[in-house]
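Undergrad: My file is protein-v2.txt. It has compact mmCIF, C-alpha atoms:
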# COMPACT_ATOMS: atom_id res chain seq x y z
CA MET A 1 -6.70 4.96 -21.62
CA CYS A 2 -7.37 3.20 -18.35
CA GLY A 3 -8.60 5.50 -15.61
CA MET A 4 -8.31 3.22 -12.60
CA GLU A 5 -4.97 2.46 -11.02
CA ILE A 6 -4.28 0.34 -7.95
CA TRP A 7 -1.14 0.72 -5.87
CA ILE A 8 -0.23 -2.68 -4.47
CA ASN A 9 2.35 -4.69 -2.62
CA PRO A 10 1.99 -8.23 -4.04
CA ALA A 11 2.88 -9.69 -0.62
CA CYS A 12 -0.18 -7.99 0.94
CA SER A 13 -3.31 -10.15 1.31
CA LYS A 14 -5.61 -7.09 1.17
CA CYS A 15 -3.99 -6.08 -2.13
CA ARG A 16 -4.49 -9.57 -3.55
CA SER A 17 -8.13 -9.55 -2.40
CA ALA A 18 -8.72 -6.17 -4.05
CA ILE A 19 -7.18 -7.38 -7.32
CA SER A 20 -9.35 -10.52 -7.22
CA LEU A 21 -12.49 -8.43 -6.77
CA LEU A 22 -11.50 -6.02 -9.56
CA ASP A 23 -10.88 -9.00 -11.84
CA ALA A 24 -14.18 -10.64 -10.86
CA GLU A 25 -16.00 -7.42 -11.74
CA GLY A 26 -14.19 -7.12 -15.07
CA ALA A 27 -12.65 -3.77 -14.12
CA ASP A 28 -10.20 -2.07 -16.47
CA TYR A 29 -7.26 -1.00 -14.32
CA THR A 30 -3.50 -0.77 -14.18
CA VAL A 31 -1.37 -2.16 -11.36
CA ARG A 32 1.38 -0.12 -9.80
CA ARG A 33 3.78 -1.99 -7.56
CA TYR A 34 4.46 1.11 -5.55
CA LEU A 35 7.39 -0.35 -3.61
CA GLU A 36 9.25 -0.74 -6.93
CA ASP A 37 7.67 2.17 -8.86
CA VAL A 38 7.87 4.59 -5.95
CA PRO A 39 5.46 7.53 -6.05
CA THR A 40 6.99 11.00 -6.11
CA GLU A 41 6.06 13.61 -3.53
CA ASP A 42 3.78 15.20 -6.16
CA GLU A 43 2.03 11.85 -6.74
CA VAL A 44 1.58 11.39 -2.99
CA ARG A 45 0.07 14.92 -2.82
CA GLU A 46 -2.27 14.12 -5.72
CA VAL A 47 -3.47 10.88 -4.15
CA LEU A 48 -4.03 12.63 -0.82
CA GLU A 49 -6.09 15.29 -2.58
CA ARG A 50 -8.12 12.61 -4.35
CA LEU A 51 -8.60 10.74 -1.07
CA GLY A 52 -9.50 13.91 0.82
CA LEU A 53 -7.04 12.83 3.53
CA GLU A 54 -3.87 14.05 5.19
CA PRO A 55 -0.58 12.13 4.91
CA TRP A 56 -0.75 10.89 8.52
CA ASP A 57 -4.16 9.38 7.71
CA ILE A 58 -2.58 6.94 5.23
CA THR A 59 0.64 6.21 7.13
CA ARG A 60 1.30 2.73 8.46
CA THR A 61 2.60 3.83 11.86
CA GLN A 62 3.23 0.26 13.08
CA GLU A 63 5.91 -0.40 10.44
CA ALA A 64 9.50 -0.65 11.71
CA ALA A 65 10.55 2.40 9.67
CA ALA A 66 7.74 4.47 11.21
CA LYS A 67 8.87 3.49 14.68
CA GLU A 68 12.52 4.26 13.83
CA LEU A 69 11.48 7.71 12.55
CA GLY A 70 9.28 8.33 15.58
CA LEU A 71 6.26 9.15 13.41
CA LYS A 72 3.77 8.69 16.24
CA GLU A 73 5.29 11.78 17.88
CA TRP A 74 5.33 13.93 14.72
CA PRO A 75 2.90 16.86 14.69
CA ARG A 76 -0.20 16.33 12.59
CA ASP A 77 -0.86 19.80 11.31
CA ALA A 78 -0.46 21.93 8.19
CA GLY A 79 3.07 22.91 9.19
CA ALA A 80 4.21 19.28 9.23
CA ARG A 81 2.29 18.15 6.12
CA GLU A 82 5.22 18.41 3.68
CA ARG A 83 7.50 16.52 6.06
CA TRP A 84 4.98 13.66 6.17
CA ILE A 85 4.64 13.65 2.37
CA ALA A 86 8.43 13.53 2.00
CA VAL A 87 8.69 10.55 4.35
CA LEU A 88 5.95 8.66 2.46
CA ALA A 89 7.80 9.21 -0.83
CA ALA A 90 11.11 8.19 0.76
CA HIS A 91 9.60 5.14 2.52
CA PRO A 92 6.69 3.91 0.35
CA LYS A 93 6.19 0.87 2.60
CA LEU A 94 4.62 3.33 5.05
CA ILE A 95 1.72 4.06 2.67
CA GLN A 96 -1.53 2.25 3.47
CA ARG A 97 -2.46 -0.17 0.71
CA PRO A 98 -4.04 -0.83 -1.61
CA VAL A 99 -4.93 2.59 -2.98
CA ILE A 100 -7.27 2.73 -5.96
CA THR A 101 -7.56 5.91 -8.00
CA ALA A 102 -10.95 5.98 -9.70
CA ASP A 103 -12.05 7.31 -13.08
CA ASP A 104 -13.95 10.20 -11.50
CA GLY A 105 -10.82 11.76 -9.97
CA THR A 106 -11.30 10.33 -6.48
CA ALA A 107 -9.39 7.58 -4.70
CA VAL A 108 -9.99 5.06 -1.93
CA VAL A 109 -7.81 3.11 0.45
CA ALA A 110 -9.24 -0.25 -0.57
CA ARG A 111 -8.60 -2.34 2.54
CA THR A 112 -12.16 -3.72 2.54
CA GLU A 113 -14.44 -5.23 -0.08
CA GLU A 114 -16.80 -2.29 0.49
CA ALA A 115 -14.02 0.20 -0.35
CA VAL A 116 -13.13 -1.69 -3.55
CA ARG A 117 -16.81 -1.69 -4.55
CA ASP A 118 -16.90 2.05 -3.85
CA ALA A 119 -14.04 2.54 -6.32
CA LEU A 120 -15.77 0.28 -8.84
CA SER A 121 -18.93 2.39 -8.58
CA ARG A 122 -16.93 5.43 -9.67
CA ARG A 123 -15.57 3.94 -12.86
CA GLU A 124 -16.81 4.82 -16.27
CA PRO A 125 -19.19 2.17 -17.56
CA PRO A 126 -17.68 -0.22 -20.10
CA SER A 127 -18.72 0.30 -23.71
CA SER A 128 -20.27 -3.17 -23.79
CA THR A 129 -21.11 -5.48 -20.93
CA PRO A 130 -20.57 -9.19 -21.67
CA MET A 131 -23.17 -11.45 -20.15
As structure tokens, what does this structure read like?
TA:
Amino acid sequence: MCGMEIWINPACSKCRSAISLLDAEGADYTVRRYLEDVPTEDEVREVLERLGLEPWDITRTQEAAAKELGLKEWPRDAGARERWIAVLAAHPKLIQRPVITADDGTAVVARTEEAVRDALSRREPPSSTPM
């Protein structure tokens, strides 16, 4: 079973860069096109737990939908947490991307090469390394 999963939007250059780096490193991963295979509220909660972040930390507040919903004005506290999670599940385009869940139970928002390498460092070593 593959432990790493990457949530991507194929139109996103940062997602394509992350995939290229994973491929170059020979990583074993699965791709989830999260705009088509939309995460449930429970999956959003799990990823947030793995990231150690709150939902507003991974929300793309500059997106048109975020502006229409007035997300910049929403409270960012425990009382509003479920409302944020619900909006991310209802509008997956608002989720920062790419998100990589690592073998060790953590996750990273892999917008930089350094973040992708961080996720790679958390994977289980392959059974044999081709040289």
Undergrad: Near A:Leu69, counting only C-alpha atoms, which residues have an atom at most 12 Å away, once you skip same-chain residues fewer than 4 positions from it, shown as a PyMOL selection string?
TA: chain A and resi 61-65+73-74+83-84+87-88+90-91+94
Undergrad: So which residues are close to (-6.5, 7.5, 8.7), meaning at most 12 Å away in the file's coordinates with all atoms listed in the file counted, and can you show them as a count of residues only?
TA: 19
Undergrad: Between A:Glu113, A:Asp118, A:Asp104, A:Asp23, which is the closest to A:Arg50 once you count only C-alpha atoms?
TA: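 Selected residue with least distance to A:Arg50: A:Asp104.
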Undergrad: Excluding A:Pro10 and residues on its chain fewer than 5 positions from it, collect all residues at most 9 Å away from it, counting only C-alpha atoms, and give them as a ChimeraX atom specification.
TA: /A:15-16,33
Undergrad: One number please: atom CA of A:Ser20 to atom CA of A:Thr106, in Å, one decimal.
TA: 21.0 Å
Undergrad: Residues within 10 Å of A:Ala119, please, as a list in words. Count all atoms listed in the file; anything in the same chain fewer than 2 positions from it doesn't count.
TA: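 So, after excluding close chain neighbours, the residues are Met4, Leu22, Val99, Ile100, Thr101, Ala102, Asp103, Asp104, Thr106, Ala107, Val108, Val109, Ala110, Glu113, Glu114, Ala115, Val116, Arg117, Ser121, Arg122 and Arg123 of chain A.
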Undergrad: In Å, how far is it from atom CA of A:Ile19 to atom CA of A:Trp7?
TA: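 Interatomic distance here is 10.2 Å.
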Undergrad: Would you mind reading off the distance between atom CA of A:Glu41 and atom CA of A:Ile85, one decimal, in Å?
TA: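 Taking atom CA of A:Glu41 as the start and atom CA of A:Ile85 as the end point, the length is 6.1 Å.
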Undergrad: Out of A:Pro98, A:Lys67, A:Asp42, A:Ala18, which residue has the shortest atom-to-atom distance to A:Leu120 when counting all atoms listed in the file?
TA: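 Nearest candidate to A:Leu120 out of A:Pro98, A:Lys67, A:Asp42, A:Ala18: A:Ala18.
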Undergrad: Draw an axis-aligned box over all listed atoms of stretch 8-21 of chain A, pad each side with 6 Å, and write its centre and edge lengths in Å, one decimal, as AutoDock Vina command-line options.
TA:
--center_x -4.8 --center_y -6.6 --center_z -3.0 --size_x 27.4 --size_y 19.8 --size_z 20.6
Undergrad: Considering all atoms listed in the file, can you say which of A:Pro75, A:Gly70, A:Tyr34, A:Glu25 comes closest to A:Ala11?
TA: A:Tyr34
Undergrad: Of the residues A:Ala89, A:Val44, A:Ala24, A:Leu35, which is the one nearest to A:Ile8, using all atoms listed in the file?
TA: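 Checking each candidate against A:Ile8, we get A:Leu35 as the closest.
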